[in-house]
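Notes to accompany the following structure.
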Amino acid sequence: MKKKLRKLPVYVKKAASMIKTEDGSKTGRPEKIQDLSKKTMLFLFARLMNKSNRDAEEVLELFQPLFEVEVSYKYIERLYSDEEVGLVLHNLFILLLQDEDISGNFSGDGTGYSFTVARNYRLDPKKSGKNYSYVFRMIDLDTGMYVGFDCSKKSEKEAFDGAMIMIRKLGIEMDSVTLDKYYSNGKTLKIFGKKTKVYVIPKSNMSKIGFDWARVIKRIIENPFNFMKTHFKRNLSESGFSSDKRRFGWVIRQRRGDRKETAMFTTTLLHNILNRK
């Protein structure tokens, strides 16, 4: 982990250098930290600690010589909605994937994050958008890197659709994908098309077998052991969610919607930083 984190400033600097801003485009007070890569490193450092902004402020006092500025917890919070920092995080996500040998064999699953410590997403049967957010992440089975992400207050399906849009925009080819029974329907199969092998267990109440389902059932009949062996690789998604929540927490402390999304995306990004080769 130490070796991977030492290389992080190089990636952040490269991601920041890809962004060009026009003079006079910003109004208001001048930035405390002018260097965009340094500002992004401050944000990632604070997020990596998995502490409240007030606790992070106290820790950052020890690192004042490094960042060359004294920052408050409010400044750290504002970084979650800083557009330039958001662009650097987006570029960083792409750069990390480009440097990895993505296999094209993926697993996808959904989870949720709580907005308050008083409620636990896993134990609460009534999950509302007011208290929780659904998250869907697509993970590469060979590298353990996330290749797609999105979140939604409404449903896991909406988060899934957003993650698929992200994957298409990044131009990532999908050779195979494993999903749980929640996605066992014809509409999901049509999203992937003929080129992608879908490993999903049909529901027992499936009323009809269309052409898309025929390809899945054919693979089950031809080699049931291999099908189930591949299907159960989706456990990598569950173990990834578990390790992410232990490292970075299962509660999102931000209040604004855009800042909540940034926090959940940064968890996806930090996972890739710590899992790359």
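Order determines the names: the first chain of the structure tokens is A, the second B, and so forth; residues in each chain are numbered 1 upward, and ligands are numbered 1 upward as they are shown.
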
Using only C-alpha atoms, which residues of segment 136-179 of chain A come within 12 Å of segment 273-277 of chain A, and what is the closest atom pair for each, with the distance in Å to one decimal? Give it as JSON lines, sorted by chain and residue number.
```
{"residue": "A:Ile139", "atom": "CA", "partner": "A:Asn275", "partner_atom": "CA", "distance": 11.3}
{"residue": "A:Asp140", "atom": "CA", "partner": "A:Asn275", "partner_atom": "CA", "distance": 11.2}
{"residue": "A:Asp142", "atom": "CA", "partner": "A:Arg276", "partner_atom": "CA", "distance": 10.8}
{"residue": "A:Thr143", "atom": "CA", "partner": "A:Arg276", "partner_atom": "CA", "distance": 7.1}
{"residue": "A:Gly144", "atom": "CA", "partner": "A:Asn275", "partner_atom": "CA", "distance": 6.5}
{"residue": "A:Met145", "atom": "CA", "partner": "A:Asn275", "partner_atom": "CA", "distance": 6.6}
{"residue": "A:Tyr146", "atom": "CA", "partner": "A:Asn275", "partner_atom": "CA", "distance": 9.5}
```

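Between atom CA of Ile201 of chain A and atom CA of Val216 of chain A there is a distance of 8.7 Å.
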
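Considering the residues A:Lys233, A:Lys20, A:Arg47, A:Arg54 and counting only C-alpha atoms, Val88 of chain A has its shortest atom-to-atom contact with A:Lys20.
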
Query raised in the report: Contacts of Phe248 of chain A at 8 Å or less, counting only C-alpha atoms, minus same-chain residues fewer than 4 places along, as a PyMOL selection string?
Result: chain A and resi 47-50+244+267

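One finds atom CA of Gly112 of chain A at 11.8 Å from atom CA of Glu238 of chain A.
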
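Nearest to Thr178 of chain A of all the residues A:Lys4, A:Lys154, A:Lys190, A:Lys229 is A:Lys229, counting only C-alpha atoms.
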
Query raised in the report: Contacts of Ala46 of chain A at 10 Å or less, counting only C-alpha atoms, minus same-chain residues fewer than 3 places along, as a PyMOL selection string?
Result: chain A and resi 40-43+49-53+55-57+59-60+76-77

With N, CA and C atoms kept, could you save the residues just selected as a PDB file, in the first residue's frame?
```pdb
ATOM      1  N   THR A  40      -5.906  18.744  -4.846  1.00  0.00           N
ATOM      2  CA  THR A  40      -6.512  17.418  -4.994  1.00  0.00           C
ATOM      3  C   THR A  40      -5.892  16.421  -4.031  1.00  0.00           C
ATOM      4  N   MET A  41      -4.574  16.499  -3.845  1.00  0.00           N
ATOM      5  CA  MET A  41      -3.900  15.615  -2.892  1.00  0.00           C
ATOM      6  C   MET A  41      -4.412  15.860  -1.479  1.00  0.00           C
ATOM      7  N   LEU A  42      -4.669  17.114  -1.136  1.00  0.00           N
ATOM      8  CA  LEU A  42      -5.234  17.436   0.174  1.00  0.00           C
ATOM      9  C   LEU A  42      -6.596  16.767   0.342  1.00  0.00           C
ATOM     10  N   PHE A  43      -7.427  16.852  -0.695  1.00  0.00           N
ATOM     11  CA  PHE A  43      -8.755  16.239  -0.643  1.00  0.00           C
ATOM     12  C   PHE A  43      -8.655  14.720  -0.484  1.00  0.00           C
ATOM     13  N   MET A  49      -8.271   9.332   5.192  1.00  0.00           N
ATOM     14  CA  MET A  49      -8.233   9.189   6.648  1.00  0.00           C
ATOM     15  C   MET A  49      -9.556   8.680   7.206  1.00  0.00           C
ATOM     16  N   ASN A  50     -10.654   8.852   6.446  1.00  0.00           N
ATOM     17  CA  ASN A  50     -11.984   8.414   6.893  1.00  0.00           C
ATOM     18  C   ASN A  50     -12.340   9.023   8.245  1.00  0.00           C
ATOM     19  N   LYS A  51     -12.159  10.339   8.330  1.00  0.00           N
ATOM     20  CA  LYS A  51     -12.521  11.061   9.539  1.00  0.00           C
ATOM     21  C   LYS A  51     -13.471  12.199   9.172  1.00  0.00           C
ATOM     22  N   SER A  52     -14.133  12.745  10.183  1.00  0.00           N
ATOM     23  CA  SER A  52     -14.963  13.922   9.939  1.00  0.00           C
ATOM     24  C   SER A  52     -14.065  15.083   9.541  1.00  0.00           C
ATOM     25  N   ASN A  53     -14.655  16.105   8.921  1.00  0.00           N
ATOM     26  CA  ASN A  53     -13.853  17.242   8.486  1.00  0.00           C
ATOM     27  C   ASN A  53     -13.168  17.949   9.647  1.00  0.00           C
ATOM     28  N   ASP A  55     -12.147  16.500  12.485  1.00  0.00           N
ATOM     29  CA  ASP A  55     -11.015  15.653  12.880  1.00  0.00           C
ATOM     30  C   ASP A  55      -9.884  15.761  11.862  1.00  0.00           C
ATOM     31  N   ALA A  56     -10.263  15.819  10.573  1.00  0.00           N
ATOM     32  CA  ALA A  56      -9.249  15.949   9.526  1.00  0.00           C
ATOM     33  C   ALA A  56      -8.497  17.270   9.658  1.00  0.00           C
ATOM     34  N   GLU A  57      -9.213  18.327  10.055  1.00  0.00           N
ATOM     35  CA  GLU A  57      -8.583  19.634  10.243  1.00  0.00           C
ATOM     36  C   GLU A  57      -7.487  19.557  11.307  1.00  0.00           C
ATOM     37  N   VAL A  59      -5.772  16.864  12.235  1.00  0.00           N
ATOM     38  CA  VAL A  59      -4.648  16.067  11.739  1.00  0.00           C
ATOM     39  C   VAL A  59      -3.818  16.865  10.735  1.00  0.00           C
ATOM     40  N   LEU A  60      -4.505  17.652   9.889  1.00  0.00           N
ATOM     41  CA  LEU A  60      -3.815  18.404   8.836  1.00  0.00           C
ATOM     42  C   LEU A  60      -2.943  19.514   9.396  1.00  0.00           C
ATOM     43  N   ILE A  76     -12.159  22.024   3.678  1.00  0.00           N
ATOM     44  CA  ILE A  76     -12.126  20.614   3.262  1.00  0.00           C
ATOM     45  C   ILE A  76     -13.480  20.215   2.688  1.00  0.00           C
ATOM     46  N   GLU A  77     -14.565  20.657   3.344  1.00  0.00           N
ATOM     47  CA  GLU A  77     -15.909  20.315   2.872  1.00  0.00           C
ATOM     48  C   GLU A  77     -16.177  20.900   1.494  1.00  0.00           C
TER      49      GLU A  77
END
```

Report task. Determine the nearest neighbour of Val200 of chain A from the options A:Val10, A:Met228, A:Met166, A:Met174, counting only C-alpha atoms. Result -> A:Met228

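By chain and then residue number, the residues within 8 Å of Leu179 of chain A are Ser107, Gly108, Asp109, Ser184, Val198, Tyr199, Val200, His231 and Arg234 of chain A, counting only C-alpha atoms and disregarding those fewer than 5 positions away in sequence.
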
Report task. Compare A:Ser204, A:Lys74, A:Val12, A:Leu170 by their minimum atom-to-atom distance to Gln98 of chain A, counting only C-alpha atoms, and give me the closest one. Result -> A:Leu170

Report task. Name all residues at most 9 Å from Arg256 of chain A (count only C-alpha atoms; drop same-chain ones fewer than 4 positions away) and give them as a ChimeraX atom specification. Result -> /A:81,260-261

Keeping only N, CA and C atoms, write the selected residues to a file as a PDB file, in the first residue's frame.
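Below you can see part_16.pdb, which holds the result:
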```pdb
ATOM      1  N   SER A  81     -17.209  19.845  -3.578  1.00  0.00           N
ATOM      2  CA  SER A  81     -17.993  20.430  -4.670  1.00  0.00           C
ATOM      3  C   SER A  81     -17.141  21.317  -5.567  1.00  0.00           C
ATOM      4  N   LYS A 260     -22.233  14.391  -1.712  1.00  0.00           N
ATOM      5  CA  LYS A 260     -22.432  12.967  -1.410  1.00  0.00           C
ATOM      6  C   LYS A 260     -21.947  12.105  -2.576  1.00  0.00           C
ATOM      7  N   GLU A 261     -22.290  12.513  -3.798  1.00  0.00           N
ATOM      8  CA  GLU A 261     -21.858  11.763  -4.983  1.00  0.00           C
ATOM      9  C   GLU A 261     -20.341  11.754  -5.100  1.00  0.00           C
TER      10      GLU A 261
END
```

Requested in this report: Mind checking which residues fall within 12 Å of Ala159 of chain A, counting only C-alpha atoms, ignoring those fewer than 4 positions away in the same chain, and posting them as a list in words?
Outcome: Gly108, Asp109, Gly110, Thr111, Gly112, Ser133, Tyr134, Val135, Phe136, Arg137, Met138, Gly148, Phe149, Asp150, Cys151, Ser152, Lys153, Lys154, Ser155, Ala163, Met164, Ile165, Met166 and Glu261 of chain A

Put those residues in a file: C-alpha atoms, as a short mmCIF file (atom, residue, chain, number, x, y, z; two decimals), in the first residue's frame.
```cif
data_model
loop_
_atom_site.label_atom_id
_atom_site.label_comp_id
_atom_site.auth_asym_id
_atom_site.auth_seq_id
_atom_site.Cartn_x
_atom_site.Cartn_y
_atom_site.Cartn_z
CA GLY A 108 -21.40 -6.11 -11.14
CA ASP A 109 -23.37 -5.65 -7.97
CA GLY A 110 -25.07 -3.00 -5.91
CA THR A 111 -24.78 -1.83 -2.32
CA GLY A 112 -25.86 1.17 -0.30
CA SER A 133 -28.10 6.02 -1.55
CA TYR A 134 -27.90 3.02 -3.86
CA VAL A 135 -24.51 2.42 -5.48
CA PHE A 136 -23.62 0.14 -8.38
CA ARG A 137 -20.03 -0.72 -9.29
CA MET A 138 -18.67 -2.90 -12.08
CA GLY A 148 -17.98 1.67 -13.84
CA PHE A 149 -19.83 3.49 -11.08
CA ASP A 150 -22.99 5.42 -10.38
CA CYS A 151 -25.29 6.19 -7.45
CA SER A 152 -29.00 6.85 -7.11
CA LYS A 153 -31.49 7.76 -4.41
CA LYS A 154 -34.29 5.97 -6.28
CA SER A 155 -33.11 2.44 -7.06
CA ALA A 163 -22.66 2.76 -14.49
CA MET A 164 -23.29 1.18 -17.91
CA ILE A 165 -23.39 4.65 -19.52
CA MET A 166 -20.05 5.44 -17.90
CA GLU A 261 -21.86 11.76 -4.98
#
```

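Comparing the minimum interatomic distances between Met264 of chain A and each of A:Lys157, A:Tyr132, A:Phe211, A:Asn235, counting only C-alpha atoms, we find that A:Tyr132 sits nearest.
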
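Atom CA of Ala263 of chain A is found 19.5 Å from atom CA of Tyr11 of chain A.
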
**Report entry** helix (DSSP H, G or I) call set, DSSP backbone run, segment 146-251 of chain A, as a ChimeraX atom specification
**Finding:** /A:156-169,181-183,186-192,211-222,224-248

Restricting it to C-alpha atoms, dump the selection as an mmCIF file, in the first residue's frame.
```
data_model
loop_
_atom_site.group_PDB
_atom_site.id
_atom_site.type_symbol
_atom_site.label_atom_id
_atom_site.label_comp_id
_atom_site.auth_asym_id
_atom_site.auth_seq_id
_atom_site.Cartn_x
_atom_site.Cartn_y
_atom_site.Cartn_z
ATOM 1 C CA GLU A 156 -30.178 0.133 -7.671
ATOM 2 C CA LYS A 157 -31.394 -0.284 -11.257
ATOM 3 C CA GLU A 158 -30.980 3.442 -11.918
ATOM 4 C CA ALA A 159 -27.439 3.277 -10.509
ATOM 5 C CA PHE A 160 -26.761 0.251 -12.748
ATOM 6 C CA ASP A 161 -27.940 2.153 -15.841
ATOM 7 C CA GLY A 162 -25.653 5.063 -14.966
ATOM 8 C CA ALA A 163 -22.659 2.760 -14.493
ATOM 9 C CA MET A 164 -23.285 1.184 -17.907
ATOM 10 C CA ILE A 165 -23.395 4.647 -19.518
ATOM 11 C CA MET A 166 -20.052 5.439 -17.896
ATOM 12 C CA ILE A 167 -18.502 2.210 -19.221
ATOM 13 C CA ARG A 168 -19.709 2.936 -22.747
ATOM 14 C CA LYS A 169 -18.372 6.497 -22.634
ATOM 15 C CA LYS A 181 -30.803 -12.508 -9.740
ATOM 16 C CA TYR A 182 -31.905 -8.889 -9.381
ATOM 17 C CA TYR A 183 -30.807 -8.429 -13.008
ATOM 18 C CA GLY A 186 -34.741 -9.755 -20.657
ATOM 19 C CA LYS A 187 -34.222 -5.977 -20.571
ATOM 20 C CA THR A 188 -30.874 -6.381 -18.828
ATOM 21 C CA LEU A 189 -29.717 -9.019 -21.322
ATOM 22 C CA LYS A 190 -30.520 -6.737 -24.260
ATOM 23 C CA ILE A 191 -28.256 -4.024 -22.837
ATOM 24 C CA PHE A 192 -25.176 -6.181 -23.338
ATOM 25 C CA PHE A 211 -33.596 -15.176 -27.996
ATOM 26 C CA ASP A 212 -31.475 -13.399 -25.387
ATOM 27 C CA TRP A 213 -32.300 -15.936 -22.691
ATOM 28 C CA ALA A 214 -31.669 -18.794 -25.130
ATOM 29 C CA ARG A 215 -27.946 -17.889 -25.288
ATOM 30 C CA VAL A 216 -27.690 -17.942 -21.486
ATOM 31 C CA ILE A 217 -29.522 -21.253 -21.108
ATOM 32 C CA LYS A 218 -27.411 -22.783 -23.881
ATOM 33 C CA ARG A 219 -24.226 -22.011 -21.915
ATOM 34 C CA ILE A 220 -25.780 -23.555 -18.802
ATOM 35 C CA ILE A 221 -26.678 -26.778 -20.633
ATOM 36 C CA GLU A 222 -23.343 -27.098 -22.455
ATOM 37 C CA PRO A 224 -23.124 -26.214 -16.079
ATOM 38 C CA PHE A 225 -20.008 -26.498 -13.893
ATOM 39 C CA ASN A 226 -18.111 -23.823 -15.812
ATOM 40 C CA PHE A 227 -21.191 -21.574 -15.841
ATOM 41 C CA MET A 228 -21.635 -21.760 -12.073
ATOM 42 C CA LYS A 229 -17.886 -21.379 -11.475
ATOM 43 C CA THR A 230 -17.887 -18.164 -13.506
ATOM 44 C CA HIS A 231 -21.143 -16.929 -11.987
ATOM 45 C CA PHE A 232 -19.880 -17.225 -8.429
ATOM 46 C CA LYS A 233 -16.927 -14.992 -9.256
ATOM 47 C CA ARG A 234 -19.356 -12.159 -8.590
ATOM 48 C CA ASN A 235 -18.402 -12.690 -4.942
ATOM 49 C CA LEU A 236 -15.467 -10.434 -5.806
ATOM 50 C CA SER A 237 -17.951 -7.556 -5.950
ATOM 51 C CA GLU A 238 -19.231 -8.320 -2.465
ATOM 52 C CA SER A 239 -15.734 -8.651 -1.007
ATOM 53 C CA GLY A 240 -14.774 -5.374 -2.700
ATOM 54 C CA PHE A 241 -17.735 -3.579 -1.114
ATOM 55 C CA SER A 242 -16.865 -5.069 2.269
ATOM 56 C CA SER A 243 -13.214 -3.978 2.171
ATOM 57 C CA ASP A 244 -14.158 -0.495 0.893
ATOM 58 C CA LYS A 245 -16.573 0.090 3.757
ATOM 59 C CA ARG A 246 -14.039 -1.111 6.328
ATOM 60 C CA ARG A 247 -11.384 1.227 4.921
ATOM 61 C CA PHE A 248 -13.433 4.308 4.069
#
```

Query - Members of segment 8-230 of chain A assigned strand (DSSP E or B) by DSSP, as a ChimeraX atom specification - result: /A:105-114,132-140,146-152,176-178,197-199
